[in-house]
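Trainee: Data file start_34.cif (mmCIF, C-alpha atoms (C1' of nucleotides)) is appended below.
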data_upload
#
loop_
_atom_site.label_atom_id
_atom_site.label_comp_id
_atom_site.auth_asym_id
_atom_site.auth_seq_id
_atom_site.Cartn_x
_atom_site.Cartn_y
_atom_site.Cartn_z
CA MET A 136 -6.49 7.30 -19.33
CA ILE A 137 -7.53 10.94 -19.09
CA VAL A 138 -5.06 13.82 -19.04
CA LYS A 139 -6.36 17.33 -18.47
CA HIS A 140 -3.44 18.90 -16.62
CA LYS A 141 -1.59 21.93 -17.87
CA LYS A 142 1.65 21.47 -15.97
CA THR A 143 4.20 18.94 -17.15
CA LEU A 144 5.30 16.29 -14.67
CA THR A 145 8.72 17.93 -14.59
CA GLU A 146 7.15 21.22 -13.56
CA VAL A 147 5.19 19.43 -10.85
CA TYR A 148 8.40 17.80 -9.65
CA ASN A 149 10.20 21.13 -9.42
CA LYS A 150 7.30 22.61 -7.51
CA LEU A 151 7.28 19.74 -5.01
CA PHE A 152 11.06 19.80 -4.64
CA ASP A 153 11.10 23.56 -4.06
CA HIS A 154 8.40 23.14 -1.42
CA PHE A 155 9.57 20.06 0.45
CA GLY A 156 13.26 19.72 -0.45
CA LYS A 157 15.25 16.51 -0.66
CA ARG A 158 13.54 13.60 1.07
CA TYR A 159 16.44 11.14 1.41
CA TRP A 160 14.45 8.02 0.48
CA TRP A 161 14.43 5.03 1.02
CA PRO A 162 15.69 4.97 4.65
CA ALA A 163 17.44 1.57 4.93
CA GLU A 164 20.92 0.23 5.60
CA THR A 165 20.78 -2.58 3.03
CA PRO A 166 18.76 -3.56 -0.07
CA PHE A 167 17.20 -6.41 1.91
CA GLU A 168 16.01 -3.95 4.53
CA VAL A 169 14.20 -2.13 1.72
CA VAL A 170 12.46 -5.39 0.83
CA VAL A 171 11.37 -5.95 4.43
CA GLY A 172 10.26 -2.34 4.83
CA ALA A 173 8.32 -2.46 1.55
CA VAL A 174 6.23 -5.39 2.82
CA LEU A 175 5.78 -4.01 6.32
CA THR A 176 4.71 -0.54 5.18
CA GLN A 177 1.72 -1.87 3.28
CA GLN A 178 -1.34 -0.01 4.54
CA THR A 179 0.63 1.24 7.57
CA LYS A 180 2.41 4.37 8.76
CA TRP A 181 6.18 4.34 8.37
CA GLU A 182 6.71 5.10 12.09
CA ASN A 183 5.22 1.68 12.92
CA VAL A 184 7.51 0.06 10.37
CA GLU A 185 10.57 1.69 11.96
CA GLN A 186 9.66 0.06 15.26
CA ALA A 187 9.27 -3.35 13.63
CA ILE A 188 12.57 -2.97 11.76
CA HIS A 189 14.23 -2.04 15.04
CA ASN A 190 12.75 -5.17 16.64
CA LEU A 191 14.03 -7.37 13.81
CA LYS A 192 17.53 -5.89 13.96
CA GLU A 193 17.60 -6.34 17.72
CA ARG A 194 17.01 -10.06 17.19
CA LYS A 195 19.57 -10.06 14.37
CA LEU A 196 16.96 -11.10 11.83
CA MET A 197 17.55 -8.42 9.20
CA ASP A 198 19.00 -10.71 6.57
CA ALA A 199 17.29 -13.14 4.23
CA GLU A 200 18.86 -16.28 5.69
CA SER A 201 18.00 -15.52 9.35
CA LEU A 202 14.57 -14.14 8.64
CA SER A 203 13.60 -17.14 6.54
CA ARG A 204 14.46 -19.41 9.48
CA ALA A 205 12.84 -17.30 12.19
CA ASP A 206 10.02 -18.68 14.31
CA VAL A 207 6.70 -17.48 12.89
CA GLU A 208 5.17 -16.71 16.26
CA GLU A 209 8.19 -14.69 17.27
CA LEU A 210 8.04 -12.84 13.95
CA GLU A 211 4.38 -12.08 14.52
CA GLU A 212 5.21 -10.35 17.78
CA LEU A 213 8.08 -8.39 16.24
CA VAL A 214 5.95 -7.02 13.38
CA ARG A 215 2.65 -6.79 15.28
CA CYS A 216 2.90 -3.00 15.42
CA THR A 217 2.57 -2.76 11.63
CA GLY A 218 -0.86 -4.38 11.46
CA PHE A 219 -1.90 -7.44 9.44
CA PHE A 220 0.86 -9.06 11.46
CA ARG A 221 0.00 -12.71 10.84
CA GLN A 222 -0.04 -12.19 7.07
CA LYS A 223 3.10 -10.10 7.11
CA ALA A 224 5.07 -12.49 9.34
CA ASN A 225 4.21 -15.40 7.09
CA ARG A 226 4.83 -13.54 3.85
CA LEU A 227 8.11 -12.13 5.16
CA LYS A 228 9.36 -15.64 5.87
CA ASN A 229 8.49 -16.85 2.38
CA ILE A 230 9.91 -13.79 0.67
CA SER A 231 13.09 -14.07 2.74
CA ARG A 232 13.47 -17.71 1.78
CA PHE A 233 13.26 -16.70 -1.86
CA PHE A 234 15.97 -14.05 -1.44
CA ALA A 235 18.15 -16.45 0.54
CA GLN A 236 17.87 -19.03 -2.23
CA ASN A 237 18.31 -16.48 -5.01
CA PRO A 238 21.24 -14.25 -4.09
CA GLY A 239 21.93 -11.76 -6.86
CA ILE A 240 18.28 -11.66 -7.91
CA LEU A 241 18.40 -7.88 -7.61
CA GLU A 242 20.97 -7.77 -10.42
CA LYS A 243 18.41 -8.90 -12.97
CA PRO A 244 16.98 -6.40 -15.48
CA ALA A 245 14.15 -4.26 -14.11
CA ASP A 246 11.28 -5.87 -16.01
CA GLU A 247 12.43 -9.41 -15.35
CA LEU A 248 12.97 -8.65 -11.66
CA ARG A 249 9.56 -7.03 -11.39
CA LYS A 250 7.88 -10.09 -12.86
CA VAL A 251 9.68 -12.43 -10.46
CA LEU A 252 8.81 -10.26 -7.47
CA LEU A 253 5.13 -10.18 -8.48
CA SER A 254 5.05 -13.96 -8.32
CA LEU A 255 5.82 -13.81 -4.59
CA ASN A 256 2.85 -13.91 -2.23
CA GLY A 257 2.47 -10.53 -0.56
CA VAL A 258 4.24 -8.59 -3.31
CA GLY A 259 1.89 -6.57 -5.50
CA GLU A 260 2.70 -3.89 -8.05
CA GLU A 261 3.64 -1.09 -5.67
CA THR A 262 5.79 -3.30 -3.46
CA ALA A 263 7.50 -4.85 -6.48
CA ASP A 264 8.25 -1.45 -7.99
CA SER A 265 9.49 -0.09 -4.65
CA ILE A 266 11.93 -2.99 -4.45
CA VAL A 267 13.04 -2.57 -8.08
CA LEU A 268 13.62 1.17 -7.62
CA TYR A 269 14.93 1.46 -4.06
CA ALA A 270 16.57 -1.92 -3.46
CA ALA A 271 17.81 -2.77 -6.96
CA ASP A 272 18.39 0.82 -8.15
CA LYS A 273 16.59 0.17 -11.41
CA PRO A 274 14.24 2.66 -13.12
CA LYS A 275 10.60 1.80 -12.32
CA PHE A 276 8.23 4.57 -11.28
CA VAL A 277 6.30 3.66 -8.12
CA ILE A 278 2.57 4.41 -8.12
CA ASP A 279 0.79 4.49 -4.77
CA ALA A 280 -2.43 5.86 -3.30
CA TYR A 281 -0.84 9.30 -2.90
CA THR A 282 0.27 9.33 -6.53
CA LYS A 283 -3.24 8.49 -7.66
CA ARG A 284 -4.65 11.28 -5.50
CA MET A 285 -2.15 13.82 -6.74
CA CYS A 286 -2.84 12.79 -10.30
CA GLY A 287 -6.56 13.21 -9.60
CA CYS A 288 -5.74 16.71 -8.39
CA LEU A 289 -3.95 17.33 -11.69
CA GLY A 290 -6.81 15.91 -13.76
CA ILE A 291 -4.93 12.72 -14.61
CA GLU A 292 -6.93 9.53 -14.19
CA GLY A 293 -5.86 5.98 -14.90
CA ASN A 294 -5.11 2.55 -13.48
CA TYR A 295 -1.72 1.52 -12.12
CA SER A 296 -0.03 0.63 -15.39
CA GLU A 297 -1.47 3.63 -17.17
CA LEU A 298 -0.18 6.06 -14.58
CA GLN A 299 3.18 4.30 -14.45
CA SER A 300 3.53 4.48 -18.25
CA PHE A 301 2.55 8.12 -18.15
CA PHE A 302 5.24 9.01 -15.59
CA GLU A 303 7.91 6.88 -17.25
CA SER A 304 7.22 8.27 -20.72
CA SER A 305 7.00 11.87 -19.50
CA LEU A 306 10.22 11.90 -17.50
CA PRO A 307 13.85 11.18 -18.37
CA VAL A 308 14.86 7.63 -17.36
CA ASP A 309 16.67 8.62 -14.19
CA VAL A 310 16.78 6.46 -11.04
CA PRO A 311 17.57 9.27 -8.56
CA LEU A 312 14.76 11.35 -10.11
CA TYR A 313 12.26 8.48 -9.80
CA LYS A 314 13.28 7.94 -6.18
CA GLU A 315 13.01 11.57 -5.23
CA TYR A 316 9.79 12.15 -7.14
CA HIS A 317 7.92 9.33 -5.41
CA ALA A 318 9.19 10.46 -2.02
CA LEU A 319 8.01 14.01 -2.74
CA ILE A 320 4.58 12.78 -3.82
CA VAL A 321 4.21 10.90 -0.53
CA GLU A 322 5.13 14.04 1.39
CA TYR A 323 2.61 15.98 -0.66
CA GLY A 324 0.02 13.27 -0.09
CA LYS A 325 0.37 13.37 3.66
CA ARG A 326 -0.67 17.01 3.59
CA PHE A 327 -3.23 16.60 0.85
CA CYS A 328 -6.42 18.45 1.66
CA GLY A 329 -8.63 15.70 0.27
CA LYS A 330 -10.37 17.53 -2.55
CA LYS A 331 -9.63 17.41 -6.24
CA ILE A 332 -9.06 21.14 -6.34
CA CYS A 333 -7.86 22.40 -3.00
CA PRO A 334 -7.48 26.17 -2.46
CA ASP A 335 -4.27 25.85 -0.48
CA CYS A 336 -2.79 23.09 -2.65
CA ILE A 337 0.84 23.91 -3.39
CA LEU A 338 0.31 22.77 -6.97
CA VAL A 339 -2.38 25.39 -7.49
CA GLU A 340 -1.65 29.00 -8.46
CA ASN A 341 -4.36 31.65 -8.68
CA GLY A 342 -7.05 29.01 -8.60
CA LYS A 343 -5.59 27.25 -11.66
CA MET A 344 -3.42 24.17 -11.97
"C1'" DC B 143 -16.18 6.41 18.32
"C1'" DA B 144 -15.18 6.55 13.29
"C1'" DC B 145 -11.64 6.83 10.12
"C1'" DC B 146 -7.21 6.29 7.92
"C1'" DA B 147 -2.33 4.60 7.05
"C1'" DG B 148 3.75 4.60 1.69
"C1'" DG B 149 -1.42 -2.65 -0.20
"C1'" DT B 150 -2.32 -7.58 -1.47
"C1'" DT B 151 -5.15 -11.39 -2.18
"C1'" DG B 152 -8.86 -14.36 -3.68
"C1'" DA B 153 -13.66 -14.43 -4.98
"C1'" DC B 154 -16.78 -12.73 -8.13
"C1'" DC B 155 -18.76 -10.32 -12.19
"C1'" DG C 137 -10.39 -6.15 -17.52
"C1'" DG C 138 -12.67 -3.86 -12.63
"C1'" DT C 139 -14.79 -4.26 -7.68
"C1'" DC C 140 -14.87 -5.80 -2.88
"C1'" DA C 141 -14.27 -7.77 1.76
"C1'" DA C 142 -10.70 -9.47 4.66
"C1'" DC C 143 -6.49 -8.75 6.81
"C1'" DA C 144 -5.13 -5.82 12.28
"C1'" DT C 145 -2.56 -2.34 14.85
"C1'" DG C 146 -1.91 2.44 16.28
"C1'" DG C 147 -2.87 7.23 16.05
"C1'" DT C 148 -6.28 11.42 15.51
#
Could you render the structure from this file as structure tokens?

Mentor:
Amino acid sequence: MIVKHKKTLTEVYNKLFDHFGKRYWWPAETPFEVVVGAVLTQQTKWENVEQAIHNLKERKLMDAESLSRADVEELEELVRCTGFFRQKANRLKNISRFFAQNPGILEKPADELRKVLLSLNGVGEETADSIVLYAADKPKFVIDAYTKRMCGCLGIEGNYSELQSFFESSLPVDVPLYKEYHALIVEYGKRFCGKKICPDCILVENGKM
DNA sequence: CACCAGGTTGACC
DNA sequence: GGTCAACATGGT
């Protein structure tokens, strides 16, 4: 874990918020829809996920019970637009079955819930944390590729758990803040110039971080 | 045509 | 502990 930045994470947050404004994340009508979206958005643009979610709702499959019983081949067609569609259709069925058989699982404490989610095939650290934060409303800071890039830009290097610990120990334990911060980082990441120090980076002032 | 997108897994070192 | 190919579609 290397930290060379001069700004605090709170200062970075304020800068991002001033620049991009409120992001209104996570777009979903129910906690279960967050779960489905979290799996579908893996390595895929959100616009493709919206289409797939629309398809699932149209077939009235956006609930754990229905989705767990859905025909795999039909599911594959409905989520095809998100890529890795065979994997995702299969994993979605299994994950849905788990949620159907464990109603109230989202009420468990954050760390316990995270551990259970990680045991599901197709749920890695980022997906688990996204579900804990956005579906269960529990404080877990989500680290994704954009977060790692932004941290690189700030001179902060580390693996997933190191970066997560860094964010969680640097910020007040605040669910709305965690939600907004991650959403802002994604927005920043989409416009990231691709270099560690980018001249037009909004986090840079006068050539300094 | 090459490359990337809001990752995860299993194999291997 | 870390690295890497495989997984697949859709957009620049």

Trainee: To verify the selection step, state as a PyMOL selection string which residues the PyMOL selection byres ((chain A) within 9 of (chain C)) yields on this input.

Mentor: chain A and resi 179-180+183+215-222

Trainee: Output C-alpha atoms for every residue in the selection just made, as a PDB file, keeping the file's coordinate frame.

Mentor:
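So part.pdb came out as:
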ATOM      1  CA  THR A 179       0.630   1.240   7.570  1.00  0.00           C
ATOM      2  CA  LYS A 180       2.410   4.370   8.760  1.00  0.00           C
ATOM      3  CA  ASN A 183       5.220   1.680  12.920  1.00  0.00           C
ATOM      4  CA  ARG A 215       2.650  -6.790  15.280  1.00  0.00           C
ATOM      5  CA  CYS A 216       2.900  -3.000  15.420  1.00  0.00           C
ATOM      6  CA  THR A 217       2.570  -2.760  11.630  1.00  0.00           C
ATOM      7  CA  GLY A 218      -0.860  -4.380  11.460  1.00  0.00           C
ATOM      8  CA  PHE A 219      -1.900  -7.440   9.440  1.00  0.00           C
ATOM      9  CA  PHE A 220       0.860  -9.060  11.460  1.00  0.00           C
ATOM     10  CA  ARG A 221       0.000 -12.710  10.840  1.00  0.00           C
ATOM     11  CA  GLN A 222      -0.040 -12.190   7.070  1.00  0.00           C
TER      12      GLN A 222
END

Trainee: For chain B, report every residue with an atom at most 8 Å from chain A (counting only C-alpha atoms (C1' of nucleotides)), formatted as a PyMOL selection string.

Mentor: chain B and resi 147-151

Trainee: Just to be explicit: take each residue in the selection above, keep C-alpha atoms (C1' of nucleotides), and write the result as a PDB file, in the frame of the given file.

Mentor:
ATOM      1  C1'  DA B 147      -2.330   4.600   7.050  1.00  0.00           C
ATOM      2  C1'  DG B 148       3.750   4.600   1.690  1.00  0.00           C
ATOM      3  C1'  DG B 149      -1.420  -2.650  -0.200  1.00  0.00           C
ATOM      4  C1'  DT B 150      -2.320  -7.580  -1.470  1.00  0.00           C
ATOM      5  C1'  DT B 151      -5.150 -11.390  -2.180  1.00  0.00           C
TER       6       DT B 151
END

Trainee: Around (9.5, 20.8, -10.9), as given in the file, which residues come within 12 Å? Count only C-alpha atoms (C1' of nucleotides) and list them as a PyMOL selection string.

Mentor: chain A and resi 142-156+306+312+315-316+319-320+337-338

Trainee: Quick one: residues within 6 Å of range 191-200 of chain A, only C-alpha atoms (C1' of nucleotides) counted, chain neighbours fewer than 4 positions away excluded, as a list in words?

Mentor: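 In the requested format, the answer is Ser231, Phe234 and Ala235 of chain A.
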
Trainee: How many Å separate CA of Arg226 in chain A from CA of Val170 in chain A?

Mentor: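 CA of Val170 in chain A lies at a distance of 11.6 Å from CA of Arg226 in chain A.
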
Trainee: Which residues are close to range 243-246 of chain A, i.e. within 8 Å by only C-alpha atoms (C1' of nucleotides), leaving aside same-chain residues fewer than 5 positions away? Reply as an MDAnalysis selection string.

Mentor: chainID A and resid 267 273:275

Trainee: One decimal, Å: what's the distance from CA of Glu303 in chain A over to CA of Tyr269 in chain A, could you say?

Mentor: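 For CA of Glu303 in chain A relative to CA of Tyr269 in chain A, the distance reads 15.9 Å.
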
Trainee: Is it possible to get the axis-aligned box enclosing chain B (all listed atoms, 8 Å extra per side) as lines of an AutoDock Vina configuration file, with centre and edge lengths in Å rounded to one decimal?

Mentor:
center_x = -7.5
center_y = -3.8
center_z = 3.1
size_x = 38.5
size_y = 37.3
size_z = 46.5

Trainee: As an exercise, work out the distance from CA of Val207 in chain A to CA of Val251 in chain A in Å and give it to one decimal place.

Mentor: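 If I compute the distance from CA of Val207 in chain A to CA of Val251 in chain A, I get 24.1 Å.
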